[in-house]
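J.: Take a look at this one; I'll ask things after.
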Amino acid sequence: KATCQDLLLENLEQSHFELVRRLRHFGAYMKLTRQFILLVLVDTSSSMGRVVPGGTEAPPGRTRATVVADAVGAGLAGLQRGDEFGLWLFPGGTQDAYIEAVPVGLRDEGLAAARDALARVQPGGGTPLFRAVTDGVTALSASDQAASGEHIGTRAVVVLTDGRDSGSGTALDDVRDRVTGRGVRIVVIALGGVRCAEAGLATLADETGGECVESDPADVPGRVQEFVTQLRGGQS
């Protein structure tokens, strides 16, 4: 005949197994859920080497490239621990359209490499913008097949550029067809006088549920932080 002590131990044992089951279920869910994936595309073309007005607080001799590098570094550091990001530079000092400076991965695994890559940028070459954007969207779209049953949250390509496309060999209409309906937003910070509408950037952003803004170099850090916060659903 079961005693009160036996019944108590049995209940405790059942509660323990239920707790373990729930924790395992939660762990599996978190493993299969990637809430926020960001791919940052940074223009490193020749025009990014132009010196920006210093103003009263900024040190003299800062280029568009250094302003963008600082802004991107600060924006990436503001991501949360479970967020993922990647960093591409176009053309990145190569004959190709871009280089993958940091593969898409968890924030803490890529921050140091991103800061190093941004600090070593030497502006030069053309602006293969459309090729970088198209391949970037394709790369994030391909992550749908990364794991069976995996749920992907917000995915976005963030572009920082001061010029129109040159060297991609792709028309705007073709790019639009290839990035639309892929579940990836395109958001653009256009600086140095480039116009979103004239460069075709507004079209790509609008078609993907993103946004293109024109910014003075001094406002780039704030724009980066604003976009990251918006894409994360207001969380910081």
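Residues are named by chain letter and number: chains run A, B, ... in the order of the structure tokens, numbers start at 1 in each chain, and ligands are numbered from 1 in the order shown.
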Show which residues sit within 7 Å of A:Arg62, as a VMD selection string. Count only C-alpha atoms, and ignore same-chain residues fewer than 4 positions away.
T.: chain A and resid 51 to 52 66 to 67
J.: Would you pick out the contacts of stretch 82-98 of chain A at 7 Å or less, using only C-alpha atoms, so that residues sharing its chain but fewer than 6 positions from it are not included, and give the list as a PyMOL selection string?
T.: chain A and resi 35-45+104-107+114+124-128+131-132
J.: Write out the residues from the selection above, keeping C-alpha atoms, as an mmCIF file, in the first residue's frame.
T.:
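Contents of the output file result_0.cif:
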data_model
loop_
_atom_site.group_PDB
_atom_site.id
_atom_site.type_symbol
_atom_site.label_atom_id
_atom_site.label_comp_id
_atom_site.auth_asym_id
_atom_site.auth_seq_id
_atom_site.Cartn_x
_atom_site.Cartn_y
_atom_site.Cartn_z
ATOM 1 C CA GLN A 35 14.652 35.703 -35.374
ATOM 2 C CA PHE A 36 16.829 38.290 -37.063
ATOM 3 C CA ILE A 37 19.331 37.966 -39.905
ATOM 4 C CA LEU A 38 21.044 41.038 -41.314
ATOM 5 C CA LEU A 39 23.414 41.278 -44.276
ATOM 6 C CA VAL A 40 25.245 44.601 -44.535
ATOM 7 C CA LEU A 41 26.610 45.657 -47.943
ATOM 8 C CA VAL A 42 29.170 48.469 -47.774
ATOM 9 C CA ASP A 43 30.246 50.427 -50.844
ATOM 10 C CA THR A 44 34.060 50.648 -51.028
ATOM 11 C CA SER A 45 34.295 52.245 -54.483
ATOM 12 C CA VAL A 104 26.449 35.237 -41.906
ATOM 13 C CA GLY A 105 26.615 34.020 -38.320
ATOM 14 C CA LEU A 106 25.915 34.902 -34.722
ATOM 15 C CA ARG A 107 26.736 38.417 -33.555
ATOM 16 C CA ALA A 114 33.702 42.941 -39.003
ATOM 17 C CA GLY A 124 38.863 51.934 -55.033
ATOM 18 C CA GLY A 125 37.137 50.616 -58.133
ATOM 19 C CA GLY A 126 33.606 50.863 -59.449
ATOM 20 C CA THR A 127 30.210 50.296 -57.888
ATOM 21 C CA PRO A 128 28.807 46.827 -58.718
ATOM 22 C CA ARG A 131 25.183 42.460 -58.408
ATOM 23 C CA ALA A 132 25.928 42.737 -54.693
#
J.: With a distance cut-off of 7 Å and only C-alpha atoms, select the neighbouring residues of A:Leu129, excluding the residue or stretch itself and same-chain residues fewer than 3 positions from it, and output the selection as JSON, numbers by chain.
T.: {"A": [132, 133, 165, 168]}
J.: Create the file for the chosen residues now, containing all heavy atoms and written as a short mmCIF file (atom, residue, chain, number, x, y, z; two decimals), in the first residue's frame.
T.:
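Written file, part-v5.cif:
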data_model
loop_
_atom_site.label_atom_id
_atom_site.label_comp_id
_atom_site.auth_asym_id
_atom_site.auth_seq_id
_atom_site.Cartn_x
_atom_site.Cartn_y
_atom_site.Cartn_z
N ALA A 132 25.81 43.00 -56.12
CA ALA A 132 25.93 42.74 -54.69
C ALA A 132 24.56 42.58 -54.04
O ALA A 132 24.34 41.68 -53.23
CB ALA A 132 26.72 43.85 -54.02
N VAL A 133 23.63 43.46 -54.40
CA VAL A 133 22.28 43.40 -53.82
C VAL A 133 21.58 42.11 -54.22
O VAL A 133 20.99 41.42 -53.37
CB VAL A 133 21.45 44.62 -54.24
CG1 VAL A 133 19.98 44.44 -53.85
CG2 VAL A 133 22.01 45.88 -53.59
N ASP A 165 24.84 52.20 -59.73
CA ASP A 165 25.46 50.95 -60.17
C ASP A 165 26.37 51.18 -61.37
O ASP A 165 26.05 51.91 -62.30
CB ASP A 165 24.38 49.93 -60.55
CG ASP A 165 24.97 48.65 -61.11
OD1 ASP A 165 25.46 47.85 -60.31
OD2 ASP A 165 24.97 48.50 -62.35
N SER A 168 27.87 46.05 -62.91
CA SER A 168 27.12 44.83 -62.63
C SER A 168 26.67 44.13 -63.90
O SER A 168 26.50 42.91 -63.94
CB SER A 168 25.89 45.14 -61.76
OG SER A 168 26.27 45.50 -60.47
#
J.: I'd like the contact shell of A:Asp173 - 10 Å cut-off, only C-alpha atoms, skipping same-chain residues fewer than 3 positions apart - returned as a list of chain:residue names.
T.: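 My list of contacting residues is A:Thr170, A:Arg176, A:Asp177, A:Arg178, A:Gly200, A:Thr203, A:Leu204.
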J.: Could those selected residues go to a file with C-alpha atoms, as a short mmCIF file (atom, residue, chain, number, x, y, z; two decimals), in the first residue's frame?
T.:
data_model
loop_
_atom_site.label_atom_id
_atom_site.label_comp_id
_atom_site.auth_asym_id
_atom_site.auth_seq_id
_atom_site.Cartn_x
_atom_site.Cartn_y
_atom_site.Cartn_z
CA THR A 170 22.39 43.97 -64.96
CA ARG A 176 13.75 43.91 -59.32
CA ASP A 177 12.40 40.61 -60.64
CA ARG A 178 15.12 38.66 -58.83
CA GLY A 200 16.93 52.77 -58.80
CA THR A 203 12.40 50.85 -56.55
CA LEU A 204 14.24 47.90 -55.00
#
J.: Which of these residues is nearest to A:Gln122, using only C-alpha atoms: A:Gly61, A:Gly78, A:Gly167, A:Gly49?
T.: A:Gly49
J.: Choose the residue, out of A:Arg232, A:Arg182, A:Arg195, A:Arg64, that has the smallest atom-to-atom separation from A:Ala218; count only C-alpha atoms.
T.: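 The shortest atom-to-atom distance to A:Ala218 comes from A:Arg64.
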J.: List as number ranges by chain the protein and nucleic acid residues near A:Ala205, meaning an atom at most 9 Å away when only C-alpha atoms are counted, but skip any in the same chain fewer than 3 places from it.
T.: A: 185-188, 200-202, 208-212
J.: Return as JSON, numbers by chain the full set of residues in stretch 52-203 of chain A whose backbone-based DSSP assignment is strand (DSSP E or B).
T.: {"A": [63, 84, 85, 86, 87, 88, 89, 90, 99, 100, 101, 102, 103, 104, 105, 106, 151, 152, 153, 154, 155, 156, 157, 158, 159, 160, 161, 185, 186, 187, 188, 189, 190, 191]}
J.: Can I get the selected residues back with C-alpha atoms, as a CSV table (one decimal), in the first residue's frame?
T.:
chain,number,residue,atom,x,y,z
A,63,THR,CA,36.3,60.0,-45.5
A,84,GLU,CA,22.9,37.0,-36.9
A,85,PHE,CA,24.7,39.2,-39.4
A,86,GLY,CA,27.1,39.1,-42.4
A,87,LEU,CA,29.2,41.8,-44.0
A,88,TRP,CA,30.0,42.2,-47.7
A,89,LEU,CA,32.2,44.9,-49.2
A,90,PHE,CA,31.7,45.9,-52.9
A,99,ILE,CA,34.0,40.1,-51.0
A,100,GLU,CA,32.4,38.2,-48.2
A,101,ALA,CA,34.2,39.9,-45.3
A,102,VAL,CA,32.2,38.2,-42.6
A,103,PRO,CA,30.0,35.2,-43.4
A,104,VAL,CA,26.4,35.2,-41.9
A,105,GLY,CA,26.6,34.0,-38.3
A,106,LEU,CA,25.9,34.9,-34.7
A,151,HIS,CA,11.5,29.3,-39.0
A,152,ILE,CA,13.2,32.4,-40.3
A,153,GLY,CA,12.2,35.7,-38.8
A,154,THR,CA,13.2,39.1,-40.2
A,155,ARG,CA,15.7,39.0,-43.0
A,156,ALA,CA,17.1,42.2,-44.4
A,157,VAL,CA,19.9,43.5,-46.7
A,158,VAL,CA,21.2,46.9,-45.6
A,159,VAL,CA,23.1,48.8,-48.2
A,160,LEU,CA,25.3,51.9,-47.7
A,161,THR,CA,26.4,53.5,-50.9
A,185,ARG,CA,13.8,43.5,-47.2
A,186,ILE,CA,16.2,45.9,-48.9
A,187,VAL,CA,17.0,49.0,-46.9
A,188,VAL,CA,19.4,51.6,-48.3
A,189,ILE,CA,21.3,54.6,-46.9
A,190,ALA,CA,22.3,56.7,-49.9
A,191,LEU,CA,25.0,59.4,-49.1
J.: So which residues of stretch 174-225 of chain A fall under alpha helix (DSSP H) by DSSP, listed as a VMD selection string?
T.: chain A and resid 174 to 179 201 to 207 220 to 225
J.: Mind pulling up the distance from atom CA of A:Val175 to atom CA of A:Val224?
T.: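 So the two atoms, atom CA of A:Val224 and atom CA of A:Val175, lie 23.8 Å apart.
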